[in-house]
>>> print(open('upload_6.txt').read())   # compact mmCIF, C-alpha atoms
# COMPACT_ATOMS: atom_id res chain seq x y z
CA MET A 1 122.87 134.92 117.91
CA ASP A 2 125.72 133.45 115.83
CA ILE A 3 124.11 131.40 113.08
CA LYS A 4 127.37 129.81 112.03
CA ARG A 5 128.06 128.67 115.60
CA LEU A 6 124.58 127.15 115.87
CA ARG A 7 125.05 125.35 112.56
CA VAL A 8 128.39 123.90 113.63
CA GLU A 9 126.96 122.84 117.01
CA SER A 10 124.15 121.09 115.13
CA GLY A 11 126.75 119.09 113.21
CA LEU A 12 125.60 120.46 109.83
CA THR A 13 127.56 121.69 106.85
CA GLN A 14 126.29 124.66 104.88
CA GLU A 15 125.16 122.24 102.18
CA GLN A 16 123.21 120.10 104.69
CA LEU A 17 121.56 123.16 106.24
CA ALA A 18 120.61 124.38 102.77
CA GLU A 19 119.00 121.00 102.04
CA ASN A 20 117.14 120.96 105.37
CA SER A 21 115.89 124.54 105.07
CA GLY A 22 115.17 124.74 101.34
CA LEU A 23 117.44 127.78 100.93
CA SER A 24 120.43 127.90 98.63
CA VAL A 25 123.98 127.34 99.88
CA ARG A 26 124.77 130.88 98.76
CA ALA A 27 121.91 132.28 100.87
CA ILE A 28 123.17 130.37 103.92
CA ARG A 29 126.71 131.63 103.30
CA ASP A 30 125.57 135.25 102.94
CA ILE A 31 123.51 135.10 106.14
CA GLU A 32 126.43 133.66 108.11
CA ARG A 33 128.90 136.24 106.75
CA GLY A 34 126.52 139.11 107.38
CA SER A 35 126.43 140.00 103.68
CA THR A 36 122.64 139.92 104.00
CA ARG A 37 122.27 142.37 106.88
CA ARG A 38 118.55 141.83 107.51
CA PRO A 39 117.43 138.50 106.04
CA TYR A 40 113.72 137.90 105.61
CA ARG A 41 112.06 136.59 108.76
CA GLN A 42 110.79 133.57 106.82
CA SER A 43 114.36 132.77 105.75
CA LEU A 44 115.50 132.87 109.37
CA LYS A 45 112.60 130.62 110.38
CA LEU A 46 113.60 128.12 107.69
CA VAL A 47 117.21 128.21 108.89
CA ALA A 48 116.08 127.64 112.49
CA GLU A 49 113.85 124.74 111.46
CA GLY A 50 116.68 123.26 109.43
CA MET A 51 118.86 123.23 112.56
CA GLY A 52 116.06 121.86 114.74
CA LEU A 53 115.90 124.91 117.03
CA SER A 54 113.15 125.21 119.61
CA GLU A 55 110.45 127.88 119.28
CA ASN A 56 112.18 130.04 121.91
CA ALA A 57 115.55 129.70 120.19
CA THR A 58 113.92 130.52 116.84
CA ALA A 59 112.36 133.65 118.32
CA GLU A 60 115.72 134.65 119.77
CA LEU A 61 117.43 134.07 116.44
CA ILE A 62 114.97 136.35 114.65
CA GLY A 63 115.16 138.85 117.49
CA SER A 64 118.94 138.96 117.25
CA VAL A 65 118.49 140.47 113.81
CA TYR A 66 115.44 142.67 114.31
CA MET A 67 115.64 143.75 118.00
CA PRO A 68 117.38 146.99 119.03
CA PRO A 69 120.95 146.25 120.25
CA GLN A 70 120.25 147.14 123.89
CA VAL A 71 117.25 144.76 124.09
CA ARG A 72 119.21 142.06 122.31
CA SER A 73 122.07 142.36 124.81
CA ARG A 74 119.74 142.21 127.84
CA ARG A 75 117.88 139.13 126.53
CA SER A 76 121.14 137.35 125.79
CA ARG A 77 122.38 138.07 129.32
CA ASP A 78 119.11 136.89 130.87
CA ARG A 79 119.20 133.68 128.86
CA PHE A 80 122.36 132.52 130.62
CA HIS A 81 122.06 134.23 134.00
CA GLY A 82 118.34 134.79 134.52
CA PRO A 83 116.88 133.88 137.95
CA GLU A 84 114.38 131.40 136.48
CA ARG A 85 117.02 129.15 134.94
CA CYS A 86 117.64 126.02 137.03
CA HIS A 87 120.69 123.74 136.87
CA ASN A 88 119.42 121.65 133.97
CA GLY A 89 116.94 124.08 132.42
CA THR A 90 113.98 121.72 132.77
CA LYS A 91 110.57 121.95 134.35
CA PRO A 92 108.64 118.90 135.47
CA GLY A 93 105.58 117.73 133.64
CA LEU A 94 106.16 119.48 130.32
CA VAL A 95 104.05 118.16 127.43
CA HIS A 96 105.35 118.70 123.90
CA LEU A 97 102.69 117.20 121.64
CA PRO A 98 100.94 118.37 118.48
CA PRO A 99 97.17 118.85 118.86
CA GLU A 100 94.93 115.82 119.10
CA PRO A 101 93.55 114.59 115.77
CA ALA A 102 90.11 115.92 114.86
CA GLY A 103 87.25 113.51 114.32
CA PHE A 104 89.10 110.52 115.74
CA VAL A 105 86.99 107.35 115.88
CA GLY A 106 87.51 103.69 116.74
CA ARG A 107 90.93 102.06 117.04
CA ARG A 108 89.99 100.63 120.42
CA ASP A 109 92.11 97.53 119.77
CA VAL A 110 95.27 99.57 119.19
CA LEU A 111 94.65 101.89 122.15
CA ASP A 112 94.07 98.92 124.45
CA TRP A 113 97.23 97.27 123.14
CA LEU A 114 99.24 100.41 123.96
CA ASP A 115 97.73 100.45 127.45
CA THR A 116 98.88 96.88 127.97
CA ARG A 117 102.36 97.30 126.58
CA LEU A 118 103.11 100.70 128.08
CA GLY A 119 101.48 100.25 131.46
CA ASP A 120 103.48 99.35 134.55
CA CYS A 121 106.31 97.10 133.41
CA ASP A 122 107.98 96.44 136.78
CA GLY A 123 110.05 99.57 136.39
CA GLY A 124 111.54 98.44 133.08
CA ALA A 125 111.68 100.36 129.83
CA ALA A 126 108.97 99.70 127.26
CA VAL A 127 109.12 100.53 123.56
CA THR A 128 106.27 100.05 121.10
CA LEU A 129 106.04 100.40 117.33
CA LEU A 130 102.88 101.23 115.40
CA SER A 131 103.55 100.22 111.79
CA GLY A 132 101.25 100.46 108.81
CA GLY A 133 100.72 101.77 105.31
CA PRO A 134 100.74 105.40 104.12
CA GLY A 135 97.80 107.44 105.43
CA VAL A 136 96.48 104.62 107.61
CA GLY A 137 96.35 106.78 110.75
CA LYS A 138 99.37 105.68 112.80
CA THR A 139 100.18 109.21 113.98
CA ALA A 140 96.56 109.88 114.91
CA VAL A 141 96.46 106.77 117.11
CA ALA A 142 99.79 107.60 118.77
CA LEU A 143 98.75 111.18 119.51
CA ARG A 144 95.32 110.18 120.82
CA TRP A 145 96.91 107.71 123.25
CA ALA A 146 99.65 110.15 124.28
CA HIS A 147 97.16 112.95 125.00
CA ASP A 148 94.89 110.60 126.94
CA ARG A 149 97.77 109.30 129.09
CA ALA A 150 99.92 112.45 129.39
CA ALA A 151 98.82 113.12 132.97
CA SER A 152 100.27 109.80 134.12
CA PHE A 153 103.80 110.86 133.18
CA SER A 154 105.30 113.01 135.91
CA GLY A 155 108.39 113.74 133.81
CA GLU A 156 108.17 114.94 130.22
CA VAL A 157 106.03 113.99 127.25
CA LEU A 158 108.25 114.63 124.25
CA TYR A 159 107.47 114.45 120.54
CA VAL A 160 109.61 114.61 117.41
CA ASP A 161 108.65 114.16 113.77
CA LEU A 162 111.54 112.19 112.27
CA ARG A 163 110.33 113.04 108.73
CA GLY A 164 111.19 109.55 107.51
CA PHE A 165 108.52 109.71 104.81
CA ASP A 166 108.12 113.38 104.04
CA ALA A 167 108.73 116.04 101.43
CA ARG A 168 111.59 117.30 103.62
CA PRO A 169 114.82 115.37 104.29
CA ALA A 170 114.63 112.88 107.15
CA LEU A 171 116.09 113.98 110.47
CA SER A 172 119.41 112.41 111.33
CA PRO A 173 119.65 110.77 114.78
CA GLU A 174 121.91 113.64 115.91
CA HIS A 175 119.41 116.23 114.74
CA ALA A 176 116.52 114.40 116.42
CA LEU A 177 118.42 114.09 119.70
CA ARG A 178 119.20 117.80 119.72
CA ARG A 179 115.52 118.57 119.22
CA LEU A 180 114.57 116.24 122.08
CA LEU A 181 117.21 117.74 124.37
CA ARG A 182 115.99 121.25 123.61
CA ALA A 183 112.40 120.19 124.27
CA ASN A 184 113.68 118.68 127.53
CA GLY A 185 114.97 122.11 128.55
CA VAL A 186 118.67 121.79 127.76
CA PRO A 187 120.06 125.14 126.50
CA ASP A 188 121.63 125.13 123.05
CA HIS A 189 125.13 125.90 124.33
CA GLN A 190 125.08 122.80 126.59
CA ILE A 191 124.10 120.31 123.88
CA PRO A 192 127.08 118.14 122.82
CA LEU A 193 128.30 117.87 119.26
CA THR A 194 128.60 114.10 118.79
CA LEU A 195 125.85 111.51 118.51
CA GLU A 196 127.28 109.43 121.35
CA GLU A 197 127.45 112.39 123.74
CA CYS A 198 123.95 113.57 122.81
CA SER A 199 122.58 110.08 123.36
CA ALA A 200 124.31 109.79 126.74
CA MET A 201 122.99 113.17 127.86
CA PHE A 202 119.48 112.25 126.75
CA ARG A 203 119.60 108.97 128.70
CA ALA A 204 120.85 110.77 131.78
CA SER A 205 118.16 113.46 131.55
CA LEU A 206 115.42 110.81 131.70
CA ALA A 207 117.03 108.41 134.17
CA ASP A 208 114.82 109.22 137.18
CA ARG A 209 111.63 110.37 135.49
CA ARG A 210 108.50 108.67 134.25
CA SER A 211 108.48 110.05 130.73
CA LEU A 212 106.88 109.38 127.36
CA ILE A 213 108.57 109.89 123.99
CA VAL A 214 106.69 109.80 120.68
CA LEU A 215 109.00 109.20 117.71
CA ASP A 216 106.75 109.85 114.75
CA ASN A 217 107.27 108.94 111.08
CA ALA A 218 110.49 106.97 111.41
CA ALA A 219 112.25 105.71 108.29
CA THR A 220 114.87 103.17 109.33
CA VAL A 221 116.16 101.18 112.26
CA GLU A 222 119.39 103.20 112.18
CA GLN A 223 117.45 106.44 112.59
CA VAL A 224 115.59 105.20 115.67
CA ARG A 225 118.01 103.00 117.61
CA PRO A 226 120.19 105.88 119.00
CA LEU A 227 117.03 107.53 120.37
CA LEU A 228 116.04 104.59 122.59
CA THR A 229 117.22 105.55 126.06
CA GLY A 230 116.60 102.34 128.00
CA ALA A 231 115.68 104.52 130.98
CA PRO A 232 113.71 102.36 133.45
CA ASN A 233 110.61 104.56 133.62
CA CYS A 234 110.61 105.78 130.02
CA ARG A 235 107.91 104.74 127.56
CA VAL A 236 108.36 105.11 123.80
CA VAL A 237 105.86 105.04 120.94
CA ILE A 238 107.32 104.83 117.43
CA THR A 239 105.29 105.16 114.25
CA SER A 240 106.59 104.05 110.86
CA ARG A 241 105.61 102.65 107.48
CA ASN A 242 108.60 100.35 107.92
CA ALA A 243 107.93 97.18 109.94
CA MET A 244 111.43 97.62 111.47
CA THR A 245 111.97 93.95 112.12
CA GLY A 246 115.50 94.74 113.32
CA LEU A 247 114.14 96.68 116.30
CA VAL A 248 111.82 93.81 117.15
CA VAL A 249 114.60 91.22 116.94
CA ARG A 250 117.50 93.08 118.56
CA ASN A 251 115.85 95.66 120.82
CA GLY A 252 112.78 93.79 122.00
CA VAL A 253 110.40 96.39 120.59
CA HIS A 254 106.71 95.41 120.68
CA ARG A 255 105.10 95.89 117.25
CA HIS A 256 101.45 96.33 116.30
CA ARG A 257 100.23 96.64 112.73
CA VAL A 258 97.71 99.46 112.25
CA GLY A 259 95.37 98.39 109.48
CA TYR A 260 92.91 100.23 107.28
CA LEU A 261 89.58 101.13 108.85
CA PRO A 262 86.86 98.46 108.80
CA GLY A 263 83.47 99.39 107.33
CA ARG A 264 81.76 100.50 110.54
CA GLU A 265 84.62 102.73 111.70
CA ALA A 266 85.05 104.14 108.19
CA PHE A 267 81.39 105.18 108.21
CA GLU A 268 81.70 106.70 111.71
CA LEU A 269 84.71 108.76 110.61
CA PHE A 270 82.88 109.95 107.50
CA GLU A 271 79.82 111.01 109.53
CA SER A 272 81.92 112.74 112.18
CA LEU A 273 83.41 114.96 109.47
CA ALA A 274 80.67 115.34 106.84
CA GLY A 275 77.64 115.28 109.15
CA ALA A 276 74.86 112.78 109.69
CA VAL A 277 73.87 110.75 106.65
CA GLY A 278 70.23 109.89 106.01
CA SER A 279 69.23 106.35 105.14
CA HIS A 280 68.27 107.47 101.62
CA CYS A 281 71.92 108.50 101.04
CA ARG A 282 73.55 105.40 102.46
CA ASP A 283 74.17 103.74 99.09
CA GLU A 284 75.99 106.83 97.85
CA VAL A 285 78.12 106.97 101.02
CA ASP A 286 78.93 103.28 100.79
CA ALA A 287 80.14 103.83 97.22
CA LEU A 288 82.37 106.68 98.41
CA LEU A 289 83.80 104.60 101.26
CA ALA A 290 84.49 101.70 98.89
CA PHE A 291 86.36 104.21 96.75
CA CYS A 292 88.50 105.13 99.80
CA ASP A 293 89.22 101.46 100.64
CA GLY A 294 89.53 102.09 104.38
CA SER A 295 92.18 104.85 104.21
CA PRO A 296 91.45 107.43 106.95
CA LEU A 297 93.18 110.19 104.99
CA ALA A 298 91.16 109.42 101.85
CA ILE A 299 87.94 109.37 103.91
CA ARG A 300 88.78 112.75 105.44
CA LEU A 301 89.44 114.31 102.04
CA VAL A 302 86.24 112.95 100.49
CA ALA A 303 84.20 113.91 103.57
CA GLU A 304 85.41 117.49 103.22
CA ARG A 305 84.34 117.53 99.56
CA VAL A 306 80.90 116.26 100.55
CA ARG A 307 80.59 118.71 103.46
CA ARG A 308 81.24 121.64 101.12
CA ARG A 309 78.63 120.46 98.61
CA GLN A 310 75.94 119.39 101.11
CA CYS A 311 74.04 117.60 98.34
CA ILE A 312 75.64 114.20 98.01
CA CYS A 313 72.48 112.32 97.02
CA ARG A 314 71.53 114.56 94.10
CA THR A 315 74.94 114.98 92.49
CA GLY A 316 76.03 111.41 91.81
CA PHE A 317 79.32 112.47 93.39
CA ALA A 318 80.55 108.93 94.04
CA ALA A 319 79.95 107.84 90.45
CA ARG A 320 81.90 110.83 89.11
CA LEU A 321 84.87 110.10 91.36
CA VAL A 322 84.96 106.41 90.48
CA SER A 323 84.83 107.16 86.75
CA ARG A 324 87.98 109.31 86.80
CA LYS A 325 90.88 108.11 84.69
CA THR A 326 93.25 109.13 87.49
CA PRO A 327 91.26 108.37 90.66
CA LEU A 328 93.99 109.59 93.03
CA SER A 329 93.33 113.18 91.93
CA ALA A 330 90.17 112.96 94.05
CA PHE A 331 92.42 112.77 97.11
CA ASP A 332 94.50 115.91 96.61
CA ALA A 333 94.54 118.90 98.94
CA PRO A 334 95.98 121.81 96.94
CA GLY A 335 98.89 123.47 98.71
CA ASP A 336 99.24 120.74 101.35
CA PRO A 337 101.31 117.73 100.26
CA HIS A 338 100.87 116.14 103.69
CA SER A 339 97.16 115.83 102.93
CA SER A 340 97.58 114.37 99.46
CA VAL A 341 97.33 110.59 99.07
CA ARG A 342 99.49 110.67 95.96
CA ALA A 343 102.23 112.65 97.74
CA LEU A 344 102.21 110.27 100.72
CA LEU A 345 102.55 107.28 98.43
CA SER A 346 105.36 108.94 96.49
CA TRP A 347 107.41 109.29 99.68
CA SER A 348 107.19 105.54 100.22
CA TYR A 349 108.04 104.82 96.59
CA ARG A 350 111.16 106.97 96.56
CA ASN A 351 112.58 104.95 99.49
CA LEU A 352 112.43 101.68 97.56
CA PRO A 353 115.58 100.12 96.05
CA PRO A 354 115.52 100.09 92.22
CA LEU A 355 114.56 96.42 91.82
CA VAL A 356 111.83 96.63 94.46
CA ALA A 357 110.47 99.78 92.77
CA GLU A 358 110.40 97.97 89.41
CA VAL A 359 108.46 95.04 90.86
CA PHE A 360 106.04 97.45 92.57
CA VAL A 361 105.27 99.30 89.34
CA ARG A 362 104.69 96.09 87.39
CA LEU A 363 102.07 94.99 89.92
CA ALA A 364 99.73 97.44 88.17
CA ARG A 365 99.57 95.02 85.23
CA LEU A 366 97.83 92.41 87.38
CA GLY A 367 94.61 94.40 87.51
CA ALA A 368 93.53 92.73 90.75
CA ALA A 369 93.68 93.49 94.46
CA HIS A 370 94.62 89.89 95.34
CA PHE A 371 97.18 87.75 93.55
CA GLU A 372 99.56 84.84 93.99
CA PHE A 373 103.33 84.77 93.76
CA GLY A 374 103.30 82.88 90.47
CA ARG A 375 101.39 85.69 88.75
CA VAL A 376 104.08 88.18 89.74
CA VAL A 377 106.80 85.94 88.31
CA GLU A 378 104.85 85.84 85.02
CA LEU A 379 105.22 89.64 84.80
CA PHE A 380 108.94 89.11 84.08
CA PRO A 381 109.02 86.68 81.12
CA GLU A 382 112.57 87.73 80.28
CA GLY A 383 113.77 85.92 83.42
CA ARG A 384 115.19 89.03 85.04
CA PRO A 385 115.12 89.41 87.97
CA SER A 386 115.44 85.90 89.30
CA VAL A 387 112.61 84.22 91.16
CA ASP A 388 114.54 84.79 94.38
CA GLY A 389 114.91 88.47 93.49
CA ILE A 390 111.16 88.77 92.97
CA ALA A 391 110.47 87.01 96.27
CA ASP A 392 112.87 89.32 98.11
CA SER A 393 111.24 92.37 96.48
CA LEU A 394 107.77 91.29 97.53
CA GLU A 395 109.03 90.71 101.07
CA TRP A 396 110.46 94.24 101.04
CA LEU A 397 107.09 95.65 99.88
CA VAL A 398 105.36 93.76 102.70
CA GLU A 399 107.90 95.16 105.18
CA MET A 400 107.08 98.67 103.88
CA HIS A 401 103.31 97.98 104.08
CA LEU A 402 102.78 98.56 100.38
CA LEU A 403 101.59 94.95 100.17
CA GLU A 404 99.97 92.57 102.61
CA GLU A 405 100.81 88.86 102.59
CA GLU A 406 97.42 87.42 103.44
CA VAL A 407 98.63 83.82 103.50
CA PRO A 408 102.06 82.55 102.41
CA GLY A 409 102.41 83.19 98.69
CA THR A 410 99.17 85.20 98.38
CA TYR A 411 99.18 88.99 98.50
CA GLY A 412 96.70 91.84 98.72
CA ILE A 413 97.16 95.49 97.75
CA ASN A 414 95.09 98.45 98.85
CA LYS A 415 93.12 100.07 96.04
CA LEU A 416 94.82 103.46 96.47
CA ILE A 417 98.29 101.91 96.38
CA TRP A 418 97.38 99.93 93.25
CA TRP A 419 96.15 103.12 91.57
CA TYR A 420 99.47 104.77 92.35
CA ALA A 421 101.41 101.86 90.85
CA ASN A 422 99.12 102.13 87.83
CA GLU A 423 99.95 105.81 87.41
CA LEU A 424 103.67 105.01 87.54
CA GLU A 425 103.18 102.27 84.97
CA GLY A 426 101.42 104.76 82.73
CA GLY A 427 98.14 102.89 82.57
CA VAL A 428 94.62 103.92 83.41
CA GLY A 429 93.28 103.52 86.92
CA GLY A 430 90.04 101.71 87.32
>>> encode(input="upload_6.txt", output="structure tokens")
Amino acid sequence: MDIKRLRVESGLTQEQLAENSGLSVRAIRDIERGSTRRPYRQSLKLVAEGMGLSENATAELIGSVYMPPQVRSRRSRDRFHGPERCHNGTKPGLVHLPPEPAGFVGRRDVLDWLDTRLGDCDGGAAVTLLSGGPGVGKTAVALRWAHDRAASFSGEVLYVDLRGFDARPALSPEHALRRLLRANGVPDHQIPLTLEECSAMFRASLADRRSLIVLDNAATVEQVRPLLTGAPNCRVVITSRNAMTGLVVRNGVHRHRVGYLPGREAFELFESLAGAVGSHCRDEVDALLAFCDGSPLAIRLVAERVRRRQCICRTGFAARLVSRKTPLSAFDAPGDPHSSVRALLSWSYRNLPPLVAEVFVRLARLGAAHFEFGRVVELFPEGRPSVDGIADSLEWLVEMHLLEEEVPGTYGINKLIWWYANELEGGVGG
């Protein structure tokens, strides 16, 4: 398989592929030239992931290097002329979803809302957006609903992680469309090069099918809008930390805010993961859950710590966590940034414009979870930025779900988010 041809067809430069894959530009260049005759398998997997190749295409790419020539030739011939290949390469009823989330509890209001919005809509298209803060469980809700309703979609159930808030670079719309087309059965050599052509092919491929598309972890309106097909029987679920008001206003997208878990559901999630809690331990568990402030990810991480120890009542575990000078270190999962609260928050922070980031960091000086607009203005006695600039920054933070405007002019901030701002400010969490 010609790696250079695949890269060009994906619309990527060597520099962009290097950024997507984590390899150096020199390594990409050597692989394409054949200077590295047998690259490491892991390097080839990273290259394939960087181009958005399907699992089958990734396997073929690796096989093109490691298979004997005669087997390689036969597989390449079968790929284009094999008897099982139909005119568009698709099979009905394919489901491309990650596994269902473990220990899922509650969220009945959101699931019912999705049922209402994505049920029969007189044959029209329907697009929904689940927005909410980092680690609040948007993806878990979307996947639970998609798995529960997959059988009702006679076409395809397609999924793509747009990596909008991630350690890896976000997927471009072109890259995302190519992944969706491959998942929809379109061979690599038939996928167009331009965004407009890819979008047109994707719309055409779904025109007569009742299909579901999950666009997970979206960053911006511009990233999502080209992926909305408008096909009459297509249903779309988007998840994002961005409220994406532009999609609501211009594209008629239905939005639902996914909040932090209320007390009862937080306790149910904890028990489902850590095991049943006796009444004599309830105070300790309540202290832990208060420490997590309704964040499902934080609850999962703490529940795993408790499950390993199996002696929560005797250890004073909650008190030790609360007394930490850097409380967010209690919510780290070594080796897995996607399960680290601090890492998730950092991906939101890096997407903020400079002024908004400055306002966010200074919020740590308030020392309170609820505050009024006037108190934020007082944090900038030098008169820069202007009052309007501060108001715009707070609105941006609300749009990104790093703040919640409880009533006009009054804001609330989740405890974990405030601790992160405090770390950036250089203070001591408490």
>>> atom_distance(input="upload_6.txt", atom1="CA of Leu269 in chain A", atom2="CA of Leu301 in chain A")
11.3 Å
>>> closest_residue(input="upload_6.txt", among="A:Trp396, A:Trp347, A:Phe202, A:Tyr260", to="Asn414 in chain A", atoms="all atoms listed in the file")
A:Tyr260
>>> axis_aligned_box(input="upload_6.txt", around="range 6-17 of chain A", padding_each_side="8 Å", output="lines of an AutoDock Vina configuration file")
center_x = 125.0
center_y = 123.1
center_z = 109.6
size_x = 22.8
size_y = 24.1
size_z = 30.8
>>> residues_near_point(input="upload_6.txt", point="(120.4, 118.2, 104.6)", cutoff="10 Å", atoms="all atoms listed in the file", output="list in words")
Leu12, Thr13, Gln14, Glu15, Gln16, Leu17, Ala18, Glu19, Asn20, Ser21, Gly22, Gly50, Met51, Arg168, Pro169, Ala170, Leu171 and Ser172 of chain A
>>> closest_residue(input="upload_6.txt", among="A:Gly259, A:Pro101, A:Gly252, A:Pro173", to="Leu130 in chain A", atoms="only C-alpha atoms")
A:Gly259
>>> decode(input="upload_6.txt", residues="range 350-375 of chain A", atoms="N, CA and C atoms", output="PDB file, in the first residue's frame")
ATOM      1  N   ARG A 350      -6.758  25.254  27.248  1.00  0.00           N
ATOM      2  CA  ARG A 350      -5.889  25.623  26.125  1.00  0.00           C
ATOM      3  C   ARG A 350      -6.684  26.159  24.936  1.00  0.00           C
ATOM      4  N   ASN A 351      -7.999  25.921  24.904  1.00  0.00           N
ATOM      5  CA  ASN A 351      -8.834  26.418  23.809  1.00  0.00           C
ATOM      6  C   ASN A 351      -9.380  27.815  24.075  1.00  0.00           C
ATOM      7  N   LEU A 352      -9.039  28.397  25.222  1.00  0.00           N
ATOM      8  CA  LEU A 352      -9.562  29.723  25.557  1.00  0.00           C
ATOM      9  C   LEU A 352      -8.697  30.822  24.934  1.00  0.00           C
ATOM     10  N   PRO A 353      -9.315  31.898  24.436  1.00  0.00           N
ATOM     11  CA  PRO A 353      -8.531  33.064  24.002  1.00  0.00           C
ATOM     12  C   PRO A 353      -7.769  33.642  25.193  1.00  0.00           C
ATOM     13  N   PRO A 354      -6.686  34.373  24.941  1.00  0.00           N
ATOM     14  CA  PRO A 354      -5.830  34.855  26.043  1.00  0.00           C
ATOM     15  C   PRO A 354      -6.572  35.632  27.120  1.00  0.00           C
ATOM     16  N   LEU A 355      -7.440  36.556  26.739  1.00  0.00           N
ATOM     17  CA  LEU A 355      -8.141  37.357  27.746  1.00  0.00           C
ATOM     18  C   LEU A 355      -9.084  36.491  28.570  1.00  0.00           C
ATOM     19  N   VAL A 356      -9.788  35.583  27.911  1.00  0.00           N
ATOM     20  CA  VAL A 356     -10.713  34.692  28.626  1.00  0.00           C
ATOM     21  C   VAL A 356      -9.925  33.807  29.592  1.00  0.00           C
ATOM     22  N   ALA A 357      -8.765  33.319  29.157  1.00  0.00           N
ATOM     23  CA  ALA A 357      -7.928  32.495  30.027  1.00  0.00           C
ATOM     24  C   ALA A 357      -7.464  33.289  31.247  1.00  0.00           C
ATOM     25  N   GLU A 358      -7.124  34.557  31.047  1.00  0.00           N
ATOM     26  CA  GLU A 358      -6.684  35.396  32.170  1.00  0.00           C
ATOM     27  C   GLU A 358      -7.810  35.590  33.184  1.00  0.00           C
ATOM     28  N   VAL A 359      -9.012  35.859  32.697  1.00  0.00           N
ATOM     29  CA  VAL A 359     -10.155  36.022  33.600  1.00  0.00           C
ATOM     30  C   VAL A 359     -10.414  34.720  34.348  1.00  0.00           C
ATOM     31  N   PHE A 360     -10.340  33.594  33.640  1.00  0.00           N
ATOM     32  CA  PHE A 360     -10.577  32.295  34.275  1.00  0.00           C
ATOM     33  C   PHE A 360      -9.606  32.055  35.426  1.00  0.00           C
ATOM     34  N   VAL A 361      -8.336  32.306  35.204  1.00  0.00           N
ATOM     35  CA  VAL A 361      -7.328  32.057  36.239  1.00  0.00           C
ATOM     36  C   VAL A 361      -7.565  32.958  37.450  1.00  0.00           C
ATOM     37  N   ARG A 362      -7.941  34.203  37.217  1.00  0.00           N
ATOM     38  CA  ARG A 362      -8.137  35.123  38.342  1.00  0.00           C
ATOM     39  C   ARG A 362      -9.354  34.758  39.186  1.00  0.00           C
ATOM     40  N   LEU A 363     -10.271  33.967  38.628  1.00  0.00           N
ATOM     41  CA  LEU A 363     -11.424  33.552  39.427  1.00  0.00           C
ATOM     42  C   LEU A 363     -11.002  32.794  40.678  1.00  0.00           C
ATOM     43  N   ALA A 364      -9.801  32.189  40.645  1.00  0.00           N
ATOM     44  CA  ALA A 364      -9.319  31.450  41.816  1.00  0.00           C
ATOM     45  C   ALA A 364      -9.195  32.361  43.030  1.00  0.00           C
ATOM     46  N   ARG A 365      -8.991  33.658  42.804  1.00  0.00           N
ATOM     47  CA  ARG A 365      -8.801  34.577  43.927  1.00  0.00           C
ATOM     48  C   ARG A 365     -10.104  34.840  44.691  1.00  0.00           C
ATOM     49  N   LEU A 366     -11.236  34.467  44.092  1.00  0.00           N
ATOM     50  CA  LEU A 366     -12.506  34.718  44.764  1.00  0.00           C
ATOM     51  C   LEU A 366     -12.716  33.809  45.958  1.00  0.00           C
ATOM     52  N   GLY A 367     -12.190  32.587  45.877  1.00  0.00           N
ATOM     53  CA  GLY A 367     -12.306  31.673  47.011  1.00  0.00           C
ATOM     54  C   GLY A 367     -13.717  31.234  47.313  1.00  0.00           C
ATOM     55  N   ALA A 368     -14.603  31.285  46.313  1.00  0.00           N
ATOM     56  CA  ALA A 368     -15.999  30.905  46.550  1.00  0.00           C
ATOM     57  C   ALA A 368     -16.559  30.273  45.291  1.00  0.00           C
ATOM     58  N   ALA A 369     -17.514  29.365  45.498  1.00  0.00           N
ATOM     59  CA  ALA A 369     -18.124  28.658  44.369  1.00  0.00           C
ATOM     60  C   ALA A 369     -19.213  29.477  43.706  1.00  0.00           C
ATOM     61  N   HIS A 370     -19.693  30.528  44.372  1.00  0.00           N
ATOM     62  CA  HIS A 370     -20.754  31.385  43.817  1.00  0.00           C
ATOM     63  C   HIS A 370     -20.321  32.834  43.986  1.00  0.00           C
ATOM     64  N   PHE A 371     -20.503  33.629  42.943  1.00  0.00           N
ATOM     65  CA  PHE A 371     -20.054  35.021  43.012  1.00  0.00           C
ATOM     66  C   PHE A 371     -20.845  35.859  42.013  1.00  0.00           C
ATOM     67  N   GLU A 372     -20.797  37.169  42.211  1.00  0.00           N
ATOM     68  CA  GLU A 372     -21.495  38.099  41.345  1.00  0.00           C
ATOM     69  C   GLU A 372     -20.512  38.800  40.415  1.00  0.00           C
ATOM     70  N   PHE A 373     -21.071  39.359  39.364  1.00  0.00           N
ATOM     71  CA  PHE A 373     -20.251  40.003  38.333  1.00  0.00           C
ATOM     72  C   PHE A 373     -19.350  41.091  38.923  1.00  0.00           C
ATOM     73  N   GLY A 374     -19.876  41.871  39.850  1.00  0.00           N
ATOM     74  CA  GLY A 374     -19.096  42.958  40.424  1.00  0.00           C
ATOM     75  C   GLY A 374     -17.827  42.479  41.096  1.00  0.00           C
ATOM     76  N   ARG A 375     -17.865  41.303  41.702  1.00  0.00           N
ATOM     77  CA  ARG A 375     -16.668  40.775  42.367  1.00  0.00           C
ATOM     78  C   ARG A 375     -15.585  40.419  41.354  1.00  0.00           C
TER      79      ARG A 375
END
